[in-house]
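Visitor: The file below is upload38.tsv, TSV, C-alpha atoms:
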```
chain	number	residue	atom	x	y	z
A	1	MET	CA	-4.82	-39.55	-69.93
A	2	GLU	CA	-3.92	-36.29	-68.22
A	3	GLU	CA	-1.55	-35.93	-65.30
A	4	THR	CA	-3.18	-35.30	-61.91
A	5	VAL	CA	-1.91	-33.33	-58.92
A	6	GLU	CA	-1.87	-36.43	-56.70
A	7	ASP	CA	1.62	-37.84	-56.17
A	8	PRO	CA	2.15	-41.43	-57.38
A	9	PRO	CA	3.04	-44.24	-54.94
A	10	THR	CA	6.82	-44.63	-54.71
A	11	SER	CA	9.30	-46.66	-52.73
A	12	ALA	CA	12.96	-46.85	-51.96
A	13	VAL	CA	13.40	-50.16	-53.85
A	14	LEU	CA	16.76	-50.23	-55.64
A	15	LEU	CA	17.19	-51.12	-59.28
A	16	ASP	CA	18.64	-54.56	-58.54
A	17	HIS	CA	15.41	-55.66	-56.81
A	18	CYS	CA	13.00	-54.61	-59.56
A	19	HIS	CA	11.18	-56.90	-61.98
A	20	PHE	CA	11.64	-55.32	-65.40
A	21	SER	CA	10.30	-58.27	-67.43
A	22	GLN	CA	6.61	-58.01	-66.52
A	23	VAL	CA	5.95	-54.91	-68.68
A	24	ILE	CA	7.68	-54.48	-72.08
A	25	PHE	CA	7.95	-51.08	-73.74
A	26	ASN	CA	7.60	-51.10	-77.59
A	27	SER	CA	8.59	-48.71	-80.36
A	28	VAL	CA	10.76	-46.51	-78.15
A	29	GLU	CA	12.65	-43.93	-80.26
A	30	LYS	CA	16.27	-43.03	-79.74
A	31	PHE	CA	15.26	-39.36	-79.40
A	32	TYR	CA	12.09	-37.27	-79.32
A	33	VAL	CA	11.83	-33.81	-80.78
A	34	PRO	CA	11.11	-31.15	-78.08
A	35	GLY	CA	7.78	-29.32	-78.32
A	36	GLY	CA	5.69	-32.34	-79.29
A	37	ASP	CA	3.64	-34.88	-77.33
A	38	VAL	CA	5.25	-38.29	-76.69
A	39	THR	CA	3.25	-41.53	-76.91
A	40	CYS	CA	4.54	-44.47	-74.86
A	41	TYR	CA	3.61	-47.98	-76.07
A	42	TYR	CA	3.89	-50.95	-73.68
A	43	THR	CA	2.77	-54.58	-73.43
A	44	LEU	CA	1.53	-56.36	-70.28
A	45	THR	CA	2.79	-59.95	-69.82
A	46	GLN	CA	0.51	-62.77	-68.70
A	47	GLN	CA	2.01	-63.03	-65.18
A	48	PHE	CA	1.30	-59.36	-64.46
A	49	ILE	CA	-2.10	-57.93	-63.45
A	50	PRO	CA	-2.38	-54.10	-63.55
A	51	ARG	CA	-4.05	-52.15	-60.74
A	52	ARG	CA	-5.76	-48.81	-60.44
A	53	LYS	CA	-2.83	-46.87	-58.92
A	54	ASP	CA	-0.17	-48.08	-61.42
A	55	TRP	CA	1.71	-45.35	-63.29
A	56	ILE	CA	4.40	-44.79	-65.93
A	57	GLY	CA	7.14	-42.29	-65.21
A	58	ILE	CA	10.00	-40.71	-67.13
A	59	PHE	CA	13.24	-41.20	-65.19
A	60	ARG	CA	16.68	-39.84	-65.86
A	61	VAL	CA	19.16	-42.68	-66.54
A	62	GLY	CA	21.04	-43.52	-63.34
A	63	TRP	CA	18.06	-43.24	-60.98
A	64	LYS	CA	18.15	-45.22	-57.72
A	65	THR	CA	14.61	-45.05	-56.34
A	66	THR	CA	11.14	-44.51	-57.80
A	67	ARG	CA	10.94	-41.11	-56.06
A	68	GLU	CA	13.35	-39.69	-58.65
A	69	TYR	CA	10.79	-39.47	-61.49
A	70	TYR	CA	10.71	-36.34	-63.68
A	71	THR	CA	7.04	-36.65	-64.62
A	72	PHE	CA	4.41	-39.42	-64.66
A	73	MET	CA	1.03	-40.47	-66.07
A	74	TRP	CA	-1.58	-42.80	-64.59
A	75	VAL	CA	-2.21	-45.96	-66.63
A	76	SER	CA	-5.64	-47.03	-67.90
A	77	LEU	CA	-7.00	-50.35	-66.72
A	78	PRO	CA	-8.08	-52.63	-69.61
A	79	VAL	CA	-11.67	-53.84	-69.65
A	80	ASP	CA	-10.77	-57.51	-70.43
A	81	LEU	CA	-7.33	-58.70	-69.39
A	82	ASN	CA	-7.60	-61.92	-71.41
A	83	SER	CA	-7.98	-60.22	-74.80
A	84	HIS	CA	-4.98	-59.43	-76.98
A	85	SER	CA	-5.86	-55.77	-77.23
A	86	ALA	CA	-5.82	-55.52	-73.45
A	87	LYS	CA	-2.14	-56.44	-73.45
A	88	GLN	CA	-1.21	-53.60	-75.83
A	89	GLN	CA	-1.53	-50.27	-73.97
A	90	GLU	CA	-0.28	-46.72	-74.40
A	91	VAL	CA	-0.13	-43.41	-72.56
A	92	GLN	CA	0.60	-39.96	-73.92
A	93	PHE	CA	2.84	-37.37	-72.25
A	94	LYS	CA	2.07	-33.74	-73.01
A	95	ALA	CA	4.94	-31.63	-74.35
A	96	TYR	CA	4.57	-29.10	-71.53
A	97	TYR	CA	5.61	-31.66	-68.87
A	98	LEU	CA	8.56	-33.21	-70.79
A	99	PRO	CA	12.23	-32.49	-69.98
A	100	LYS	CA	13.93	-29.63	-71.81
A	101	ASP	CA	17.55	-30.87	-71.63
A	102	ASP	CA	19.42	-33.43	-73.76
A	103	GLU	CA	20.05	-35.96	-70.97
A	104	TYR	CA	19.17	-39.65	-71.41
A	105	TYR	CA	15.80	-40.75	-70.01
A	106	GLN	CA	13.75	-43.94	-69.97
A	107	PHE	CA	10.15	-45.07	-69.35
A	108	CYS	CA	9.46	-47.12	-66.18
A	109	TYR	CA	6.23	-48.88	-65.22
A	110	VAL	CA	5.63	-48.64	-61.41
A	111	ASP	CA	2.78	-50.47	-59.67
A	112	GLN	CA	0.73	-49.07	-56.77
A	113	ASP	CA	3.16	-50.63	-54.28
A	114	GLY	CA	6.01	-48.53	-55.70
A	115	VAL	CA	7.72	-51.54	-57.40
A	116	VAL	CA	9.16	-51.16	-60.95
A	117	ARG	CA	7.63	-53.75	-63.29
A	118	GLY	CA	9.27	-52.69	-66.57
A	119	ALA	CA	11.82	-50.25	-68.08
A	120	SER	CA	12.52	-49.03	-71.62
A	121	ILE	CA	15.75	-48.37	-73.49
A	122	PRO	CA	17.28	-44.89	-72.98
A	123	PHE	CA	16.26	-41.97	-75.21
A	124	GLN	CA	16.86	-38.22	-75.52
A	125	PHE	CA	14.84	-35.07	-76.09
A	126	ARG	CA	16.71	-33.14	-78.79
A	127	PRO	CA	16.16	-31.77	-82.36
A	128	GLU	CA	16.72	-34.05	-85.37
A	129	ASN	CA	20.03	-33.48	-87.34
A	130	GLU	CA	21.59	-34.90	-90.50
A	131	GLU	CA	23.74	-37.42	-88.66
A	132	ASP	CA	20.60	-39.20	-87.50
A	133	ILE	CA	19.47	-39.84	-91.13
A	134	LEU	CA	20.76	-43.28	-92.06
A	135	VAL	CA	21.68	-43.68	-95.75
A	136	VAL	CA	22.99	-47.10	-96.91
A	137	THR	CA	25.42	-46.51	-99.70
A	138	THR	CA	27.88	-49.38	-99.52
A	139	GLN	CA	27.95	-53.08	-98.80
A	140	GLU	CA	30.37	-52.48	-95.97
A	141	GLU	CA	27.87	-50.33	-94.11
A	142	LEU	CA	25.22	-52.99	-94.67
A	143	GLU	CA	27.46	-55.59	-93.04
A	144	ILE	CA	28.00	-53.27	-90.13
A	145	LEU	CA	24.28	-52.92	-89.70
A	146	LYS	CA	23.85	-56.69	-89.80
A	147	SER	CA	26.49	-57.17	-87.14
A	148	THR	CA	24.75	-54.53	-85.02
A	149	ALA	CA	21.44	-56.34	-85.46
A	150	GLN	CA	23.05	-59.61	-84.39
A	151	LYS	CA	24.40	-57.96	-81.28
A	152	LEU	CA	20.98	-56.59	-80.49
A	153	GLU	CA	19.44	-60.04	-80.92
A	154	GLN	CA	22.02	-61.52	-78.59
A	155	GLU	CA	21.25	-58.82	-76.04
A	156	ALA	CA	17.54	-59.49	-76.40
A	157	LYS	CA	18.12	-63.22	-75.93
A	158	ALA	CA	20.22	-62.55	-72.85
A	159	GLN	CA	17.50	-60.28	-71.58
A	160	LYS	CA	14.91	-62.99	-72.25
A	161	ASP	CA	17.04	-65.52	-70.32
A	162	GLY	CA	17.13	-63.02	-67.49
A	163	TRP	CA	13.41	-62.69	-67.64
A	164	GLU	CA	12.99	-66.47	-67.44
A	165	THR	CA	15.31	-66.63	-64.45
A	166	GLU	CA	13.34	-63.86	-62.83
A	167	LEU	CA	10.13	-65.74	-63.59
A	168	LEU	CA	11.48	-68.81	-61.78
A	169	GLN	CA	12.35	-66.62	-58.85
A	170	LEU	CA	8.83	-65.22	-58.91
A	171	LYS	CA	7.38	-68.74	-58.86
A	172	GLU	CA	9.55	-69.60	-55.86
A	173	GLN	CA	8.40	-66.42	-54.18
A	174	ASN	CA	4.83	-67.35	-55.02
A	175	GLN	CA	5.27	-70.76	-53.35
A	176	LYS	CA	6.75	-69.09	-50.32
A	177	MET	CA	3.84	-66.68	-50.27
A	178	SER	CA	1.42	-69.62	-50.46
A	179	SER	CA	3.02	-71.29	-47.45
A	180	GLU	CA	2.99	-68.01	-45.67
A	181	ASN	CA	-0.68	-67.63	-46.60
A	182	GLU	CA	-1.39	-71.04	-45.06
A	183	LYS	CA	0.37	-69.96	-41.90
A	184	MET	CA	-1.56	-66.74	-42.05
A	185	GLY	CA	-4.78	-68.77	-42.41
A	186	VAL	CA	-3.97	-70.64	-39.20
A	187	ARG	CA	-3.14	-67.37	-37.56
A	188	VAL	CA	-6.39	-65.91	-38.83
A	189	GLU	CA	-8.33	-68.82	-37.31
A	190	GLN	CA	-6.58	-68.20	-34.00
A	191	LEU	CA	-7.38	-64.54	-34.25
A	192	GLN	CA	-11.01	-65.37	-35.06
A	193	ALA	CA	-11.18	-67.57	-31.94
A	194	GLN	CA	-9.70	-64.75	-29.90
A	195	LEU	CA	-12.14	-62.37	-31.54
A	196	SER	CA	-15.04	-64.64	-30.61
A	197	THR	CA	-13.81	-64.75	-27.02
A	198	ARG	CA	-13.45	-60.99	-27.04
A	199	GLU	CA	-16.97	-60.63	-28.44
A	200	LYS	CA	-18.36	-62.75	-25.58
A	201	GLU	CA	-16.45	-60.63	-23.10
A	202	MET	CA	-17.75	-57.54	-24.87
A	203	GLU	CA	-21.32	-58.86	-24.58
A	204	LYS	CA	-20.79	-59.34	-20.86
A	205	LEU	CA	-19.41	-55.82	-20.61
A	206	VAL	CA	-22.35	-54.53	-22.63
A	207	GLN	CA	-24.75	-56.35	-20.31
A	208	GLY	CA	-22.94	-54.86	-17.34
A	209	ASP	CA	-23.14	-51.47	-19.03
A	210	GLN	CA	-26.88	-51.98	-19.50
A	211	ASP	CA	-27.26	-52.79	-15.79
A	212	LYS	CA	-25.21	-49.72	-14.98
A	213	THR	CA	-27.29	-47.73	-17.42
A	214	GLU	CA	-30.51	-48.87	-15.72
A	215	GLN	CA	-29.00	-48.02	-12.34
A	216	LEU	CA	-27.92	-44.66	-13.70
A	217	GLU	CA	-31.43	-44.02	-15.04
A	218	ARG	CA	-32.90	-44.92	-11.65
A	219	LEU	CA	-30.44	-42.61	-9.95
A	220	ASN	CA	-31.33	-39.89	-12.45
A	221	LYS	CA	-35.04	-40.34	-11.66
A	222	GLU	CA	-34.31	-40.15	-7.94
A	223	ASN	CA	-32.14	-37.12	-8.58
A	224	SER	CA	-34.96	-35.52	-10.57
A	225	GLN	CA	-37.42	-36.20	-7.73
A	226	LEU	CA	-34.97	-34.79	-5.19
A	227	LEU	CA	-34.43	-31.79	-7.42
A	228	LEU	CA	-38.20	-31.28	-7.69
A	229	THR	CA	-38.55	-31.58	-3.91
A	230	LEU	CA	-35.67	-29.17	-3.44
A	231	THR	CA	-37.31	-26.74	-5.85
A	232	GLN	CA	-40.59	-26.97	-3.92
A	233	GLN	CA	-38.75	-26.47	-0.65
A	234	LYS	CA	-37.01	-23.44	-2.11
A	235	GLU	CA	-40.34	-22.03	-3.24
A	236	ARG	CA	-41.84	-22.63	0.21
A	237	GLN	CA	-38.80	-21.07	1.83
A	238	LYS	CA	-39.08	-18.12	-0.54
A	239	LYS	CA	-42.77	-17.67	0.32
A	240	LEU	CA	-41.97	-18.00	4.03
A	241	GLU	CA	-39.20	-15.44	3.68
A	242	GLN	CA	-41.60	-13.11	1.87
A	243	THR	CA	-44.22	-13.63	4.62
A	244	VAL	CA	-41.62	-13.02	7.33
A	245	GLU	CA	-40.36	-9.99	5.46
A	246	GLU	CA	-43.90	-8.61	5.13
A	247	LYS	CA	-44.54	-9.21	8.84
A	248	LEU	CA	-41.24	-7.58	9.70
A	249	LYS	CA	-42.17	-4.62	7.51
A	250	GLN	CA	-45.61	-4.41	9.17
A	251	GLU	CA	-44.07	-4.68	12.63
A	252	GLU	CA	-41.44	-2.14	11.65
A	253	THR	CA	-44.16	0.20	10.36
A	254	THR	CA	-46.22	-0.32	13.54
A	255	THR	CA	-43.11	0.20	15.66
A	256	LEU	CA	-42.26	3.36	13.76
A	257	LYS	CA	-45.81	4.62	14.24
A	258	LYS	CA	-45.69	3.79	17.96
A	259	GLN	CA	-42.25	5.36	18.19
A	260	GLN	CA	-43.53	8.47	16.44
A	261	ALA	CA	-46.57	8.55	18.75
A	262	LEU	CA	-44.27	8.17	21.76
A	263	LYS	CA	-42.06	10.91	20.38
A	264	ASP	CA	-45.10	13.15	19.91
A	265	GLU	CA	-46.34	12.26	23.41
A	266	ASN	CA	-42.84	12.81	24.79
A	267	ALA	CA	-42.71	16.16	23.04
A	268	GLY	CA	-46.13	17.05	24.50
A	269	LEU	CA	-45.03	15.92	27.94
A	270	SER	CA	-41.76	17.83	27.55
A	271	LYS	CA	-43.71	20.90	26.52
A	272	LYS	CA	-46.13	20.42	29.42
A	273	LEU	CA	-43.20	19.82	31.76
A	274	SER	CA	-41.60	23.02	30.54
A	275	GLU	CA	-44.85	24.88	31.10
A	276	ASN	CA	-45.23	23.32	34.56
A	277	LYS	CA	-41.63	24.24	35.33
A	278	ILE	CA	-42.34	27.81	34.28
A	279	ILE	CA	-45.46	27.80	36.46
A	280	TYR	CA	-43.47	26.19	39.27
A	281	ASP	CA	-40.73	28.77	38.97
A	282	ALA	CA	-43.36	31.54	38.96
A	283	LEU	CA	-45.08	30.03	42.01
A	284	GLN	CA	-41.71	29.56	43.70
A	285	LYS	CA	-40.87	33.18	43.09
A	286	GLU	CA	-44.31	34.19	44.33
A	287	LYS	CA	-43.80	32.01	47.39
A	288	GLU	CA	-40.41	33.58	48.04
A	289	ARG	CA	-41.91	37.04	47.59
A	290	LEU	CA	-44.75	36.22	49.99
A	291	GLU	CA	-42.26	34.77	52.46
A	292	ARG	CA	-40.22	37.97	52.25
A	293	GLU	CA	-43.34	40.06	52.71
A	294	ASN	CA	-44.39	37.81	55.60
A	295	ASP	CA	-40.98	38.23	57.21
A	296	LEU	CA	-41.27	41.97	56.74
A	297	LEU	CA	-44.72	41.99	58.30
A	298	LYS	CA	-43.50	39.87	61.17
A	299	ARG	CA	-40.68	42.31	61.81
A	300	GLU	CA	-43.04	45.23	61.60
A	301	ASN	CA	-45.47	43.38	63.84
A	302	SER	CA	-42.70	42.73	66.33
A	303	ARG	CA	-41.71	46.37	66.29
A	304	LEU	CA	-45.32	47.40	66.80
A	305	LEU	CA	-45.70	45.01	69.71
A	306	SER	CA	-42.44	46.24	71.17
A	307	TYR	CA	-43.64	49.76	70.78
A	308	MET	CA	-46.85	48.93	72.59
A	309	GLY	CA	-44.94	47.10	75.30
A	310	LEU	CA	-46.18	43.65	74.43
A	311	ASP	CA	-44.28	40.41	73.84
A	312	PHE	CA	-45.17	38.47	70.65
A	313	ASP	CA	-44.53	35.11	72.29
A	314	SER	CA	-46.80	35.92	75.23
A	315	LEU	CA	-49.78	36.65	72.98
A	316	PRO	CA	-52.38	33.94	72.69
A	317	TYR	CA	-52.27	32.42	69.17
A	318	GLN	CA	-55.59	31.97	67.50
A	319	ALA	CA	-55.49	29.73	64.45
A	320	PRO	CA	-57.50	31.06	61.59
A	321	THR	CA	-60.75	29.20	61.00
A	322	SER	CA	-63.44	29.30	58.42
A	323	ASP	CA	-65.58	31.32	60.82
A	324	GLN	CA	-62.86	33.93	61.21
A	325	GLY	CA	-62.34	34.32	57.51
A	326	GLY	CA	-65.02	37.09	57.34
A	327	ALA	CA	-64.70	40.76	57.83
A	328	GLY	CA	-62.84	40.42	61.13
A	329	GLN	CA	-59.83	38.52	59.49
A	330	ASN	CA	-57.76	39.97	56.69
A	331	PRO	CA	-56.77	37.24	54.26
A	332	ALA	CA	-53.63	39.18	53.31
A	333	LEU	CA	-52.09	38.57	56.77
A	334	VAL	CA	-50.47	35.15	56.85
A	335	TYR	CA	-50.26	34.95	60.63
A	336	GLY	CA	-53.54	36.66	61.33
A	337	ASN	CA	-54.30	40.13	62.65
A	338	PRO	CA	-51.66	41.06	65.24
A	339	TYR	CA	-54.10	43.40	66.92
A	340	SER	CA	-56.79	40.84	67.54
A	341	GLY	CA	-57.09	39.88	71.20
A	342	ILE	CA	-55.42	43.03	72.47
A	343	GLN	CA	-57.46	44.76	75.17
A	344	GLU	CA	-58.01	48.41	74.88
A	345	SER	CA	-56.92	48.90	78.51
A	346	SER	CA	-53.44	47.38	77.85
A	347	ALA	CA	-52.36	49.99	75.26
A	348	PRO	CA	-53.58	53.34	74.15
A	349	SER	CA	-56.18	53.16	71.43
A	350	LEU	CA	-55.35	54.35	67.98
A	351	LEU	CA	-58.40	56.53	68.16
A	352	ALA	CA	-57.00	58.28	71.26
A	353	VAL	CA	-53.78	59.15	69.43
A	354	LYS	CA	-54.28	62.61	68.09
A	355	LYS	CA	-50.66	63.49	67.35
A	356	CYS	CA	-47.94	61.71	65.40
A	357	PRO	CA	-45.28	60.41	67.83
A	358	THR	CA	-42.58	61.21	65.29
A	359	CYS	CA	-43.47	64.63	63.95
A	360	LYS	CA	-45.84	65.62	66.86
A	361	SER	CA	-48.46	66.69	64.30
A	362	ASP	CA	-52.14	66.09	64.67
A	363	PHE	CA	-53.78	63.54	62.37
A	364	ALA	CA	-56.72	64.67	60.34
A	365	GLY	CA	-59.95	63.39	61.66
A	366	ASP	CA	-60.76	61.85	58.35
A	367	ILE	CA	-57.68	59.58	58.46
A	368	LEU	CA	-58.22	57.53	61.63
A	369	ASP	CA	-61.80	58.30	62.36
A	370	PHE	CA	-63.30	54.98	61.59
A	371	THR	CA	-66.82	56.06	62.41
A	372	SER	CA	-66.74	58.91	59.95
A	373	GLU	CA	-64.81	56.76	57.47
A	374	GLN	CA	-67.52	54.13	57.44
A	375	GLN	CA	-70.05	56.79	56.70
A	376	ARG	CA	-68.06	58.04	53.66
A	377	PRO	CA	-68.01	56.11	50.32
A	378	GLN	CA	-65.08	53.67	50.02
A	379	PRO	CA	-62.22	54.95	47.73
A	380	LEU	CA	-60.64	52.70	45.07
A	381	CYS	CA	-57.14	53.12	46.54
A	382	LEU	CA	-55.55	54.44	49.72
A	383	SER	CA	-52.67	56.93	49.63
A	384	CYS	CA	-50.15	57.36	52.44
A	385	PRO	CA	-50.21	61.05	53.64
A	386	ILE	CA	-46.53	60.87	54.49
A	387	CYS	CA	-44.77	59.06	51.62
A	388	ASP	CA	-47.59	59.18	49.03
A	389	LYS	CA	-47.49	55.37	48.62
A	390	THR	CA	-50.76	53.94	47.36
A	391	PHE	CA	-52.50	50.73	48.40
A	392	PRO	CA	-55.58	49.00	47.00
A	393	ALA	CA	-58.78	49.54	48.94
A	394	LYS	CA	-58.98	45.87	49.86
A	395	GLU	CA	-55.57	46.14	51.58
A	396	LYS	CA	-56.83	48.61	54.15
A	397	GLN	CA	-55.22	46.81	57.08
A	398	ILE	CA	-51.80	46.88	55.35
A	399	PHE	CA	-52.33	50.58	54.63
A	400	GLU	CA	-53.07	51.28	58.32
A	401	ASP	CA	-50.02	49.28	59.42
A	402	HIS	CA	-47.92	51.23	56.96
A	403	VAL	CA	-49.10	54.55	58.25
A	404	PHE	CA	-48.57	53.41	61.84
A	405	CYS	CA	-44.97	52.43	60.98
A	406	HIS	CA	-44.24	56.09	60.22
A	407	SER	CA	-45.01	56.90	63.89
A	408	LEU	CA	-42.44	54.46	65.27
```
For the structure just supplied, provide its representation as structure tokens.
Guide:
Amino acid sequence: MEETVEDPPTSAVLLDHCHFSQVIFNSVEKFYVPGGDVTCYYTLTQQFIPRRKDWIGIFRVGWKTTREYYTFMWVSLPVDLNSHSAKQQEVQFKAYYLPKDDEYYQFCYVDQDGVVRGASIPFQFRPENEEDILVVTTQEELEILKSTAQKLEQEAKAQKDGWETELLQLKEQNQKMSSENEKMGVRVEQLQAQLSTREKEMEKLVQGDQDKTEQLERLNKENSQLLLTLTQQKERQKKLEQTVEEKLKQEETTTLKKQQALKDENAGLSKKLSENKIIYDALQKEKERLERENDLLKRENSRLLSYMGLDFDSLPYQAPTSDQGGAGQNPALVYGNPYSGIQESSAPSLLAVKKCPTCKSDFAGDILDFTSEQQRPQPLCLSCPICDKTFPAKEKQIFEDHVFCHSL
């Protein structure tokens, strides 16, 4: 049987408490030669039953606990414990695992509880020498050997007596163990009753757990339904949010379009306003120019009236009408013709004036002769004979007033 890596069961049982008589070691040599395998022979007594985890160890003499083994081998369980061959067993220790010193060792049988059940006589591991070869040469040496054998027999008998005493102790221990077993039986019955009570309580707890499990399953179903409803609500909310978002986008697009249209319209109105403002400014300037010209004509008219000895305020005012808008009324005069309504007897006629009151020169007949002028073709423009200023032909009245102003 080979040694395994698994450690054997040991204990801290001292030598005085071990039972060495239950396993007897046979044919133990005084010494074993190093380098060779060692076979250990042992015999199992009737009161001892071997078990699977029993082992035989080699201990140095003087050991105190079973943990102090040098090496060990597991024992083989016999097939039939009642046969004689089952009582005679052996194990073999390989030379590699044996001690290398010359100290004294012994075999010890240890059961699986770590209790020593047998021990051998001491032996050594050393080479064989001549002193170990026993040669009987004289009668005296033979007597010495006989006396030694008697001593060994006495020691064996004493050891046997010790074994018997130990056997009695074992029987007493067995009786105590039996009583303890009876007590343990009663205790076991009590424990079984308690176990039965506990089983009933456990059944109640299991039943309660089943009720709780059913309630938990019902709650899980309700939770699943709520979760499904929540999921549907989330989907509806998501669709609603998408619809709202689309409507917001559409409204935003419509608003942007309207805003752009308003901007375009505002730009058109701004442009039109700018154009109207330009037209207004141009009309305002034209109005101011016409007002200035009107003021100038009024001053000239006043001077002409003063020159002719008439008062402007005393003249009868004739409002222009649609009937007077013909050839007799010049549309260029804002306040009408200042000469209309003046009697020829109140002032000298322009036709009677033959000389310029300023330069005392005679006017050409073709200048103020209206009869001859009507007979001639109308020119495109009129030129002042004094300052060479030209007037359009349609502004004949203004031209005549201008020429008359030179005579003042």
Visitor: Check the smallest atom-to-atom distance from each of A:Met308, A:Leu269, A:Val110, A:Ile49 to Trp74 (chain A) using all atoms listed in the file, then report the winner.
Guide: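 Checking each candidate against Trp74 (chain A), we get A:Val110 as the closest.
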Visitor: Could you tell me how far CA of Val23 (chain A) lies from CA of Glu166 (chain A), in Å and to one decimal?
Guide: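 Computing the Euclidean distance for CA of Val23 (chain A) and CA of Glu166 (chain A) yields 13.0 Å.
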Visitor: Env of Ala95 (chain A): 10 Å cut, atoms = all atoms listed in the file, seq-sep filter 2 positions within chain, self excluded. Answer as a VMD selection string.
Guide: chain A and resid 33 to 38 92 to 93 97 to 100
Visitor: Can you tell me how far CA of Thr148 (chain A) sits from CA of Asp102 (chain A), in Å to one decimal?
Guide: 24.5 Å
Visitor: Using all atoms listed in the file, which residue out of A:Ile24, A:Asp54, A:Tyr104, A:Phe72 lies closest to Ser120 (chain A)?
Guide: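 Counting all atoms listed in the file, the residue closest to Ser120 (chain A) is A:Ile24.
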Visitor: Near region 39-48 of chain A, within 10 Å and counting all atoms listed in the file, which residues show up once chain neighbours fewer than 3 positions away are dropped, as a PyMOL selection string?
Guide: chain A and resi 21-29+36+51+56+81-82+84-94+107+109+117-120+167+170
Visitor: Figure out the distance between CA of Pro127 (chain A) and CA of Met73 (chain A), please, to one decimal in Å.
Guide: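 CA of Met73 (chain A) sits 23.9 Å away from CA of Pro127 (chain A).
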Visitor: Complete region 214-218 of chain A at the level of all heavy atoms, written as a PDB file, in the frame of the given file.
Guide:
```
ATOM      1  N   GLU A 214     -29.239 -48.846 -16.437  1.00  0.00           N
ATOM      2  CA  GLU A 214     -30.510 -48.870 -15.720  1.00  0.00           C
ATOM      3  C   GLU A 214     -30.360 -48.242 -14.327  1.00  0.00           C
ATOM      4  O   GLU A 214     -31.207 -47.464 -13.882  1.00  0.00           O
ATOM      5  CB  GLU A 214     -31.011 -50.308 -15.599  1.00  0.00           C
ATOM      6  CG  GLU A 214     -31.412 -50.917 -16.946  1.00  0.00           C
ATOM      7  CD  GLU A 214     -31.818 -52.371 -16.793  1.00  0.00           C
ATOM      8  OE1 GLU A 214     -31.711 -52.892 -15.656  1.00  0.00           O
ATOM      9  OE2 GLU A 214     -32.235 -52.980 -17.805  1.00  0.00           O
ATOM     10  N   GLN A 215     -29.246 -48.609 -13.661  1.00  0.00           N
ATOM     11  CA  GLN A 215     -29.000 -48.020 -12.340  1.00  0.00           C
ATOM     12  C   GLN A 215     -28.826 -46.510 -12.439  1.00  0.00           C
ATOM     13  O   GLN A 215     -29.326 -45.748 -11.609  1.00  0.00           O
ATOM     14  CB  GLN A 215     -27.756 -48.664 -11.717  1.00  0.00           C
ATOM     15  CG  GLN A 215     -27.494 -48.213 -10.273  1.00  0.00           C
ATOM     16  CD  GLN A 215     -26.294 -48.934  -9.682  1.00  0.00           C
ATOM     17  OE1 GLN A 215     -25.637 -49.726 -10.371  1.00  0.00           O
ATOM     18  NE2 GLN A 215     -26.007 -48.663  -8.427  1.00  0.00           N
ATOM     19  N   LEU A 216     -28.123 -46.091 -13.508  1.00  0.00           N
ATOM     20  CA  LEU A 216     -27.920 -44.660 -13.700  1.00  0.00           C
ATOM     21  C   LEU A 216     -29.245 -43.951 -13.989  1.00  0.00           C
ATOM     22  O   LEU A 216     -29.498 -42.853 -13.469  1.00  0.00           O
ATOM     23  CB  LEU A 216     -26.945 -44.439 -14.867  1.00  0.00           C
ATOM     24  CG  LEU A 216     -26.588 -42.987 -15.191  1.00  0.00           C
ATOM     25  CD1 LEU A 216     -25.917 -42.332 -13.996  1.00  0.00           C
ATOM     26  CD2 LEU A 216     -25.661 -42.920 -16.407  1.00  0.00           C
ATOM     27  N   GLU A 217     -30.120 -44.612 -14.788  1.00  0.00           N
ATOM     28  CA  GLU A 217     -31.430 -44.020 -15.040  1.00  0.00           C
ATOM     29  C   GLU A 217     -32.246 -43.913 -13.758  1.00  0.00           C
ATOM     30  O   GLU A 217     -32.923 -42.910 -13.512  1.00  0.00           O
ATOM     31  CB  GLU A 217     -32.176 -44.874 -16.074  1.00  0.00           C
ATOM     32  CG  GLU A 217     -31.582 -44.791 -17.483  1.00  0.00           C
ATOM     33  CD  GLU A 217     -32.325 -45.681 -18.452  1.00  0.00           C
ATOM     34  OE1 GLU A 217     -33.219 -46.432 -17.982  1.00  0.00           O
ATOM     35  OE2 GLU A 217     -31.996 -45.643 -19.661  1.00  0.00           O
ATOM     36  N   ARG A 218     -32.176 -44.973 -12.929  1.00  0.00           N
ATOM     37  CA  ARG A 218     -32.900 -44.920 -11.650  1.00  0.00           C
ATOM     38  C   ARG A 218     -32.360 -43.796 -10.767  1.00  0.00           C
ATOM     39  O   ARG A 218     -33.124 -43.047 -10.150  1.00  0.00           O
ATOM     40  CB  ARG A 218     -32.757 -46.273 -10.942  1.00  0.00           C
ATOM     41  CG  ARG A 218     -33.504 -46.354  -9.613  1.00  0.00           C
ATOM     42  CD  ARG A 218     -33.437 -47.763  -9.054  1.00  0.00           C
ATOM     43  NE  ARG A 218     -32.075 -48.240  -8.940  1.00  0.00           N
ATOM     44  CZ  ARG A 218     -31.253 -47.926  -7.924  1.00  0.00           C
ATOM     45  NH1 ARG A 218     -31.693 -47.145  -6.946  1.00  0.00           N
ATOM     46  NH2 ARG A 218     -30.036 -48.424  -7.872  1.00  0.00           N
TER      47      ARG A 218
END
```
